[in-house]
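> Sharing query-v4.pdb below, PDB, C-alpha atoms:
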ATOM      1  CA  MET A 267      16.983  -3.668  13.118
ATOM      2  CA  PHE A 268      14.370  -2.881  10.465
ATOM      3  CA  THR A 269      10.587  -3.111  10.100
ATOM      4  CA  GLY A 270      10.144  -4.396   6.554
ATOM      5  CA  ILE A 271       8.282  -1.249   5.488
ATOM      6  CA  ILE A 272      10.100  -0.058   2.370
ATOM      7  CA  GLU A 273      10.840   3.656   2.377
ATOM      8  CA  GLU A 274      12.030   4.030  -1.174
ATOM      9  CA  LEU A 275      12.482   2.209  -4.472
ATOM     10  CA  GLY A 276      16.112   2.955  -5.268
ATOM     11  CA  GLU A 277      18.478   2.067  -8.088
ATOM     12  CA  VAL A 278      21.926   0.566  -8.478
ATOM     13  CA  VAL A 279      24.326   3.166  -9.915
ATOM     14  CA  SER A 280      27.497   1.097 -10.179
ATOM     15  CA  ILE A 281      29.173  -2.071  -8.897
ATOM     16  CA  GLU A 282      32.925  -2.298  -8.325
ATOM     17  CA  GLU A 283      34.361  -5.769  -7.834
ATOM     18  CA  ILE A 284      37.113  -5.863  -5.204
ATOM     19  CA  GLY A 285      38.577  -9.354  -5.043
ATOM     20  CA  ASP A 286      35.796 -11.693  -3.892
ATOM     21  CA  SER A 287      33.729  -8.788  -2.552
ATOM     22  CA  SER A 288      32.057  -5.774  -4.136
ATOM     23  CA  ARG A 289      31.395  -2.105  -3.504
ATOM     24  CA  ILE A 290      27.944  -1.126  -4.633
ATOM     25  CA  ARG A 291      26.791   2.454  -5.202
ATOM     26  CA  LEU A 292      23.094   3.151  -4.954
ATOM     27  CA  ARG A 293      20.766   6.065  -5.590
ATOM     28  CA  GLY A 294      18.186   6.653  -2.872
ATOM     29  CA  PRO A 295      17.585  10.302  -1.914
ATOM     30  CA  VAL A 296      15.117   9.462   0.869
ATOM     31  CA  VAL A 297      17.303   6.998   2.796
ATOM     32  CA  ARG A 298      20.429   8.968   1.872
ATOM     33  CA  ASP A 299      19.087  12.116   3.537
ATOM     34  CA  GLY A 300      20.811  12.536   6.888
ATOM     35  CA  ALA A 301      22.845   9.335   6.490
ATOM     36  CA  ARG A 302      26.217   9.191   8.236
ATOM     37  CA  HIS A 303      29.278   7.040   7.842
ATOM     38  CA  GLY A 304      28.551   3.675   9.486
ATOM     39  CA  ASP A 305      24.757   3.898   9.289
ATOM     40  CA  SER A 306      22.788   0.784   8.351
ATOM     41  CA  ILE A 307      20.516   0.656   5.308
ATOM     42  CA  ALA A 308      18.686  -2.475   4.143
ATOM     43  CA  VAL A 309      19.074  -3.140   0.417
ATOM     44  CA  ASN A 310      16.602  -5.772  -0.802
ATOM     45  CA  GLY A 311      16.463  -6.982   2.772
ATOM     46  CA  VAL A 312      20.234  -7.145   3.317
ATOM     47  CA  CYS A 313      21.664  -4.947   6.070
ATOM     48  CA  LEU A 314      24.539  -2.936   4.563
ATOM     49  CA  THR A 315      26.771  -0.239   6.049
ATOM     50  CA  VAL A 316      27.265   3.207   4.531
ATOM     51  CA  VAL A 317      31.005   3.559   3.828
ATOM     52  CA  ASP A 318      31.119   7.078   2.388
ATOM     53  CA  SER A 319      33.150   9.663   4.270
ATOM     54  CA  ALA A 320      31.565  12.739   5.836
ATOM     55  CA  GLU A 321      32.889  14.839   2.946
ATOM     56  CA  GLN A 322      31.360  12.507   0.365
ATOM     57  CA  LEU A 323      28.040  12.453   2.202
ATOM     58  CA  ALA A 324      28.027  16.253   2.297
ATOM     59  CA  ALA A 325      27.583  16.309  -1.487
ATOM     60  CA  GLU A 326      23.910  16.465  -2.474
ATOM     61  CA  THR A 327      24.003  13.518  -4.873
ATOM     62  CA  GLY A 328      21.303  11.343  -3.325
ATOM     63  CA  GLU A 329      23.734   8.431  -3.590
ATOM     64  CA  PHE A 330      25.647   6.254  -1.103
ATOM     65  CA  SER A 331      28.074   3.337  -1.213
ATOM     66  CA  ALA A 332      28.228   0.055   0.695
ATOM     67  CA  ASP A 333      30.622  -2.878   0.752
ATOM     68  CA  VAL A 334      29.252  -6.369   0.162
ATOM     69  CA  MET A 335      31.482  -9.213   1.369
ATOM     70  CA  ALA A 336      31.734 -12.642  -0.236
ATOM     71  CA  GLU A 337      29.496 -14.302   2.392
ATOM     72  CA  THR A 338      26.694 -11.836   1.649
ATOM     73  CA  LEU A 339      27.063 -12.300  -2.098
ATOM     74  CA  HIS A 340      26.880 -16.061  -1.592
ATOM     75  CA  ARG A 341      23.865 -16.125   0.716
ATOM     76  CA  SER A 342      21.769 -13.410  -0.961
ATOM     77  CA  SER A 343      20.677 -12.284  -4.405
ATOM     78  CA  LEU A 344      22.793  -9.102  -4.320
ATOM     79  CA  GLY A 345      25.324 -10.786  -6.596
ATOM     80  CA  GLU A 346      22.719 -10.730  -9.376
ATOM     81  CA  LEU A 347      22.326  -6.947  -9.293
ATOM     82  CA  LYS A 348      23.654  -4.758 -12.095
ATOM     83  CA  PRO A 349      23.648  -1.026 -12.835
ATOM     84  CA  GLY A 350      20.077   0.116 -13.280
ATOM     85  CA  SER A 351      18.549  -2.640 -11.138
ATOM     86  CA  PRO A 352      15.764  -1.392  -8.825
ATOM     87  CA  VAL A 353      16.209  -2.118  -5.114
ATOM     88  CA  ASN A 354      14.088  -1.850  -1.989
ATOM     89  CA  LEU A 355      15.609   0.538   0.561
ATOM     90  CA  GLU A 356      14.906   1.045   4.256
ATOM     91  CA  ARG A 357      16.851   2.827   6.986
ATOM     92  CA  ALA A 358      17.351   1.190  10.379
ATOM     93  CA  MET A 359      14.398   1.834  12.659
ATOM     94  CA  ALA A 360      14.681   4.358  15.483
ATOM     95  CA  LEU A 361      14.071   3.154  19.028
ATOM     96  CA  GLY A 362      10.538   4.083  19.993
ATOM     97  CA  ALA A 363       9.312   4.399  16.395
ATOM     98  CA  ARG A 364       6.187   2.632  15.157
ATOM     99  CA  LEU A 365       6.727  -0.996  14.170
ATOM    100  CA  GLY A 366       4.563  -1.154  11.059
ATOM    101  CA  GLY A 367       5.817  -4.521   9.845
ATOM    102  CA  HIS A 368       7.711  -6.928  12.093
ATOM    103  CA  LEU A 369      11.233  -7.213  13.531
ATOM    104  CA  VAL A 370      13.618  -7.632  10.606
ATOM    105  CA  GLN A 371      17.350  -8.121  11.146
ATOM    106  CA  GLY A 372      18.534  -7.741   7.582
ATOM    107  CA  HIS A 373      20.249 -11.144   7.822
ATOM    108  CA  VAL A 374      19.152 -13.252   4.852
ATOM    109  CA  ASP A 375      18.412 -16.895   5.691
ATOM    110  CA  ALA A 376      18.068 -18.157   2.115
ATOM    111  CA  THR A 377      16.937 -17.219  -1.368
ATOM    112  CA  GLY A 378      13.834 -18.311  -3.216
ATOM    113  CA  ARG A 379      12.375 -17.807  -6.674
ATOM    114  CA  LEU A 380       9.083 -16.415  -7.891
ATOM    115  CA  LEU A 381       7.030 -19.383  -9.114
ATOM    116  CA  SER A 382       3.740 -17.789 -10.084
ATOM    117  CA  ARG A 383       1.639 -14.625 -10.094
ATOM    118  CA  GLU A 384      -2.133 -14.900  -9.769
ATOM    119  CA  PRO A 385      -4.040 -11.655 -10.368
ATOM    120  CA  GLY A 386      -6.928 -10.984  -8.006
ATOM    121  CA  GLU A 387     -10.074  -9.009  -8.596
ATOM    122  CA  ARG A 388     -10.116  -5.573 -10.248
ATOM    123  CA  ASP A 389     -12.003  -2.404  -9.376
ATOM    124  CA  ALA A 390     -14.513  -0.591 -11.605
ATOM    125  CA  ASP A 391     -11.671   1.164 -13.437
ATOM    126  CA  GLY A 392      -9.884  -2.077 -14.172
ATOM    127  CA  ASN A 393      -7.117  -1.545 -11.639
ATOM    128  CA  LEU A 394      -5.797  -4.613  -9.853
ATOM    129  CA  ARG A 395      -6.912  -4.769  -6.215
ATOM    130  CA  TRP A 396      -4.438  -7.458  -5.170
ATOM    131  CA  GLU A 397      -2.232 -10.210  -6.524
ATOM    132  CA  VAL A 398      -1.115 -13.556  -5.080
ATOM    133  CA  LEU A 399       2.563 -14.460  -5.510
ATOM    134  CA  ARG A 400       4.040 -17.896  -4.845
ATOM    135  CA  PHE A 401       7.738 -18.271  -4.016
ATOM    136  CA  SER A 402       9.888 -21.361  -3.678
ATOM    137  CA  LEU A 403      10.988 -22.149  -0.147
ATOM    138  CA  PRO A 404      14.161 -24.053   0.820
ATOM    139  CA  GLU A 405      13.393 -26.981   3.115
ATOM    140  CA  SER A 406      16.012 -25.717   5.583
ATOM    141  CA  ILE A 407      13.739 -22.840   6.663
ATOM    142  CA  SER A 408      10.257 -24.138   5.806
ATOM    143  CA  ARG A 409       9.594 -25.141   9.439
ATOM    144  CA  TYR A 410       9.718 -21.492  10.495
ATOM    145  CA  LEU A 411       6.742 -20.465   8.360
ATOM    146  CA  VAL A 412       3.142 -20.582   9.547
ATOM    147  CA  GLU A 413      -0.042 -19.297   7.983
ATOM    148  CA  LYS A 414      -0.688 -15.685   8.984
ATOM    149  CA  GLY A 415       2.889 -15.452  10.245
ATOM    150  CA  SER A 416       5.502 -13.007   8.969
ATOM    151  CA  ILE A 417       8.273 -13.388   6.405
ATOM    152  CA  THR A 418      10.565 -10.865   4.748
ATOM    153  CA  VAL A 419      10.832 -11.039   0.948
ATOM    154  CA  ASP A 420      13.481  -8.740  -0.546
ATOM    155  CA  GLY A 421      13.174  -6.607   2.572
ATOM    156  CA  VAL A 422       9.366  -6.378   2.464
ATOM    157  CA  SER A 423       7.461  -7.512   5.563
ATOM    158  CA  LEU A 424       4.659  -9.780   4.337
ATOM    159  CA  THR A 425       2.012 -12.048   5.823
ATOM    160  CA  VAL A 426       2.118 -15.705   4.817
ATOM    161  CA  VAL A 427      -1.156 -16.839   3.222
ATOM    162  CA  GLU A 428      -0.247 -20.475   2.588
ATOM    163  CA  ALA A 429       2.793 -22.275   3.979
ATOM    164  CA  ALA A 430       3.697 -25.456   2.099
ATOM    165  CA  ARG A 431       6.787 -27.609   2.532
ATOM    166  CA  ASP A 432       8.604 -26.187  -0.489
ATOM    167  CA  SER A 433       6.750 -22.953  -1.268
ATOM    168  CA  PHE A 434       4.558 -20.229   0.201
ATOM    169  CA  THR A 435       2.160 -17.551  -1.004
ATOM    170  CA  VAL A 436       1.599 -13.914  -0.110
ATOM    171  CA  SER A 437      -1.071 -11.423  -1.197
ATOM    172  CA  LEU A 438       0.127  -7.996  -2.300
ATOM    173  CA  ILE A 439      -1.968  -4.840  -2.306
ATOM    174  CA  PRO A 440      -1.550  -2.189  -5.029
ATOM    175  CA  ALA A 441       0.699  -0.035  -2.832
ATOM    176  CA  THR A 442       3.175  -2.870  -2.301
ATOM    177  CA  LEU A 443       3.108  -3.740  -6.002
ATOM    178  CA  ALA A 444       3.782  -0.120  -6.969
ATOM    179  CA  LEU A 445       6.309   0.888  -4.305
ATOM    180  CA  THR A 446       8.555  -2.203  -4.155
ATOM    181  CA  THR A 447      10.460  -4.415  -6.571
ATOM    182  CA  LEU A 448       7.875  -7.163  -6.139
ATOM    183  CA  GLY A 449       5.454  -5.449  -8.512
ATOM    184  CA  ALA A 450       7.743  -6.004 -11.513
ATOM    185  CA  LYS A 451       9.381  -9.247 -10.360
ATOM    186  CA  ALA A 452       9.460 -11.749 -13.238
ATOM    187  CA  LEU A 453       8.865 -15.484 -12.927
ATOM    188  CA  GLY A 454      12.057 -17.319 -12.050
ATOM    189  CA  GLU A 455      13.790 -14.288 -10.534
ATOM    190  CA  SER A 456      15.345 -14.760  -7.109
ATOM    191  CA  VAL A 457      14.398 -13.021  -3.867
ATOM    192  CA  ASN A 458      16.009 -12.767  -0.438
ATOM    193  CA  LEU A 459      14.134 -14.519   2.364
ATOM    194  CA  GLU A 460      14.378 -13.865   6.096
ATOM    195  CA  VAL A 461      12.169 -15.774   8.512
ATOM    196  CA  ASP A 462      10.870 -14.353  11.769
ATOM    197  CA  VAL A 463      13.789 -14.445  14.219
ATOM    198  CA  LEU A 464      11.386 -15.156  17.098
ATOM    199  CA  ALA A 465      10.686 -18.585  15.604
ATOM    200  CA  LYS A 466      14.397 -19.403  15.613
ATOM    201  CA  TYR A 467      14.783 -18.289  19.230
ATOM    202  CA  VAL A 468      11.881 -20.490  20.311
ATOM    203  CA  GLU A 469      13.381 -23.470  18.500
ATOM    204  CA  ARG A 470      16.758 -22.895  20.145
ATOM    205  CA  LEU A 471      15.220 -22.630  23.603
ATOM    206  CA  LEU A 472      13.376 -25.905  23.122
ATOM    207  CA  GLU A 473      16.554 -27.587  21.885
ATOM    208  CA  SER A 474      18.486 -26.364  24.926
ATOM    209  CA  ARG A 475      16.457 -28.674  27.149
ATOM    210  CA  THR A 476      18.100 -31.703  25.579
ATOM    211  CA  LEU A 477      21.478 -30.471  24.360
ATOM    212  CA  PRO A 478      24.164 -32.072  26.570
ATOM    213  CA  ASN A 479      26.703 -29.286  26.176
ATOM    214  CA  LEU A 480      24.469 -26.516  27.488
ATOM    215  CA  PRO A 481      24.224 -25.801  31.252
ATOM    216  CA  GLN A 482      20.867 -26.640  32.746
ATOM    217  CA  PRO A 483      19.251 -24.368  35.382
ATOM    218  CA  GLN A 484      19.537 -25.624  38.959
ATOM    219  CA  HIS A 485      17.783 -24.753  42.185
ATOM    220  CA  PRO A 486      20.040 -22.673  44.469
ATOM    221  CA  TYR A 487      19.892 -25.460  47.084
ATOM    222  CA  ASP A 488      20.371 -29.024  45.936
ATOM    223  CA  PRO A 489      21.228 -31.490  48.736
ATOM    224  CA  GLU A 490      22.341 -34.037  46.122
ATOM    225  CA  ASN A 491      24.835 -31.629  44.612
ATOM    226  CA  ALA A 492      28.144 -31.865  46.485
ATOM    227  CA  GLU A 493      29.390 -28.673  44.831
ATOM    228  CA  ASN A 494      26.548 -26.657  46.310
ATOM    229  CA  PRO A 495      26.288 -27.728  49.976
ATOM    230  CA  GLN A 496      24.412 -24.607  51.040
ATOM    231  CA  ASN A 497      22.057 -24.669  53.961
ATOM    232  CA  PRO A 498      18.647 -23.296  52.987
ATOM    233  CA  GLN A 499      18.821 -20.904  55.961
ATOM    234  CA  ASP A 500      22.032 -19.400  54.587
ATOM    235  CA  LEU A 501      20.441 -18.390  51.275
ATOM    236  CA  PRO A 502      19.788 -14.667  50.734
ATOM    237  CA  GLY A 503      16.366 -13.561  51.832
ATOM    238  CA  THR A 504      15.793 -16.576  54.105
ATOM    239  CA  ASP A 505      14.012 -15.833  57.381
ATOM    240  CA  ARG A 506      16.145 -17.400  60.143
ATOM    241  CA  THR A 507      13.248 -17.140  62.663
ATOM    242  CA  THR A 508      11.739 -20.505  63.567
ATOM    243  CA  THR A 509       8.585 -21.279  65.470
ATOM    244  CA  THR A 510       8.289 -23.802  68.316
ATOM    245  CA  THR A 511       5.356 -26.099  68.798
ATOM    246  CA  THR A 512       3.956 -23.683  71.359
ATOM    247  CA  GLY A 513       3.889 -20.863  68.878
ATOM    248  CA  GLU A 514       6.797 -18.985  70.451
ATOM    249  CA  SER A 515       9.379 -17.508  68.078
ATOM    250  CA  LYS A 516      13.078 -17.829  68.905
TER     251      LYS A 516
END
Show this structure as structure tokens.

Amino acid sequence: MFTGIIEELGEVVSIEEIGDSSRIRLRGPVVRDGARHGDSIAVNGVCLTVVDSAEQLAAETGEFSADVMAETLHRSSLGELKPGSPVNLERAMALGARLGGHLVQGHVDATGRLLSREPGERDADGNLRWEVLRFSLPESISRYLVEKGSITVDGVSLTVVEAARDSFTVSLIPATLALTTLGAKALGESVNLEVDVLAKYVERLLESRTLPNLPQPQHPYDPENAENPQNPQDLPGTDRTTTTTTGESK
């Protein structure tokens, strides 16, 4: 699980194609520090596993490798990376740590493309205070977006400003523009999108009320249910004491 707060702007060192999958080597001294074999690191919002051995990780190179299977290449924009490409990097969050963004799984739901960049106001020195970016949004996930809700774009936790049927906008502050790949993202380039998983859970729970193949909750005692002919007095926690009309207990 991640937070969507990017720790480091890394770089692709090399990509080795292995059949229909790839092994990607990345440079990221911050997220690489203390990494162990099997650790999870989000690369542009995609949860990848460190595959280097303990001996390889012992070398102070600031680099690590991860395998990317065909499904990930198909569902994300990682297949478009090449040596030298910048990438957003974040280590898995520690239990009990501050949740600065929102709960991010690192499981990409779809990809979108940058449609426009609208510069905001500038300060007295001419520096940009903020910028509004609009991304395309596949219809298959548009129902999960709401204004002021959360969405992950290339691993960055962002707040939705406007949620349309086929696009959405976000406002980026100077720090986000400078410390993530979104600052230099060109029009037409693709991004990885992950919607808030809580929205999908709510949808599934609502669907479960009508799905015929899912068991429905039942009261422990149902006199109409022949498979559950329990007497209410036999249920755990039931007080077997009854009271007569005279108020005497027996």
> Name every residue that the PyMOL selection byres ((chain A and resi 272) around 12) selects in this structure, writing the answer as a PyMOL selection string with chains first and numbers rising.
chain A and resi 268-271+273-276+294+296-297+307-311+353-359+366-367+370+418-424+441-448
> Could you check which of A:Ser351, A:Val312, A:Gly454, A:Ala324 is closest to Arg293 in chain A, using all atoms listed in the file?
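Among the listed residues, the smallest separation from Arg293 in chain A belongs to A:Ser351.
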> Tell me, in Å to one decimal, how far CA of Val279 in chain A is from CA of Ala360 in chain A.
27.2 Å
> Counting only C-alpha atoms, select every polymer residue within 12 Å of (29.8, 0.4, -7.6) as defined in the file's coordinates, and provide the selection as a list of chain:residue names.
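Residues satisfying the cut-off, written out: A:Glu277, A:Val278, A:Val279, A:Ser280, A:Ile281, A:Glu282, A:Glu283, A:Ile284, A:Ser287, A:Ser288, A:Arg289, A:Ile290, A:Arg291, A:Leu292, A:Arg293, A:Val317, A:Glu329, A:Phe330, A:Ser331, A:Ala332, A:Asp333, A:Val334, A:Leu347, A:Lys348, A:Pro349, A:Gly350.
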> Here is a test: counting all atoms listed in the file, which residue of A:Asp432, A:Asp305, A:Asp299, A:Glu321 is nearest to Leu381 in chain A?
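Of A:Asp432, A:Asp305, A:Asp299, A:Glu321, the one nearest Leu381 in chain A, counting all atoms listed in the file, is A:Asp432.
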> In Å, rounded to a single decimal, give me how far CA of Gly372 in chain A is from CA of Ser319 in chain A.
23.0 Å
> Starting from the PyMOL selection byres ((chain A and resi 459-462) around 6), expand the selection into actual residues of this file and give them as a ChimeraX atom specification.
/A:374-377,417-419,458,463-465
> Of the residues A:Ser382, A:Ser406, A:Asn393, A:Thr315, which is the one nearest to Val436 in chain A, using only C-alpha atoms?
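Between A:Ser382, A:Ser406, A:Asn393, A:Thr315, the residue approaching Val436 in chain A most closely is A:Ser382.
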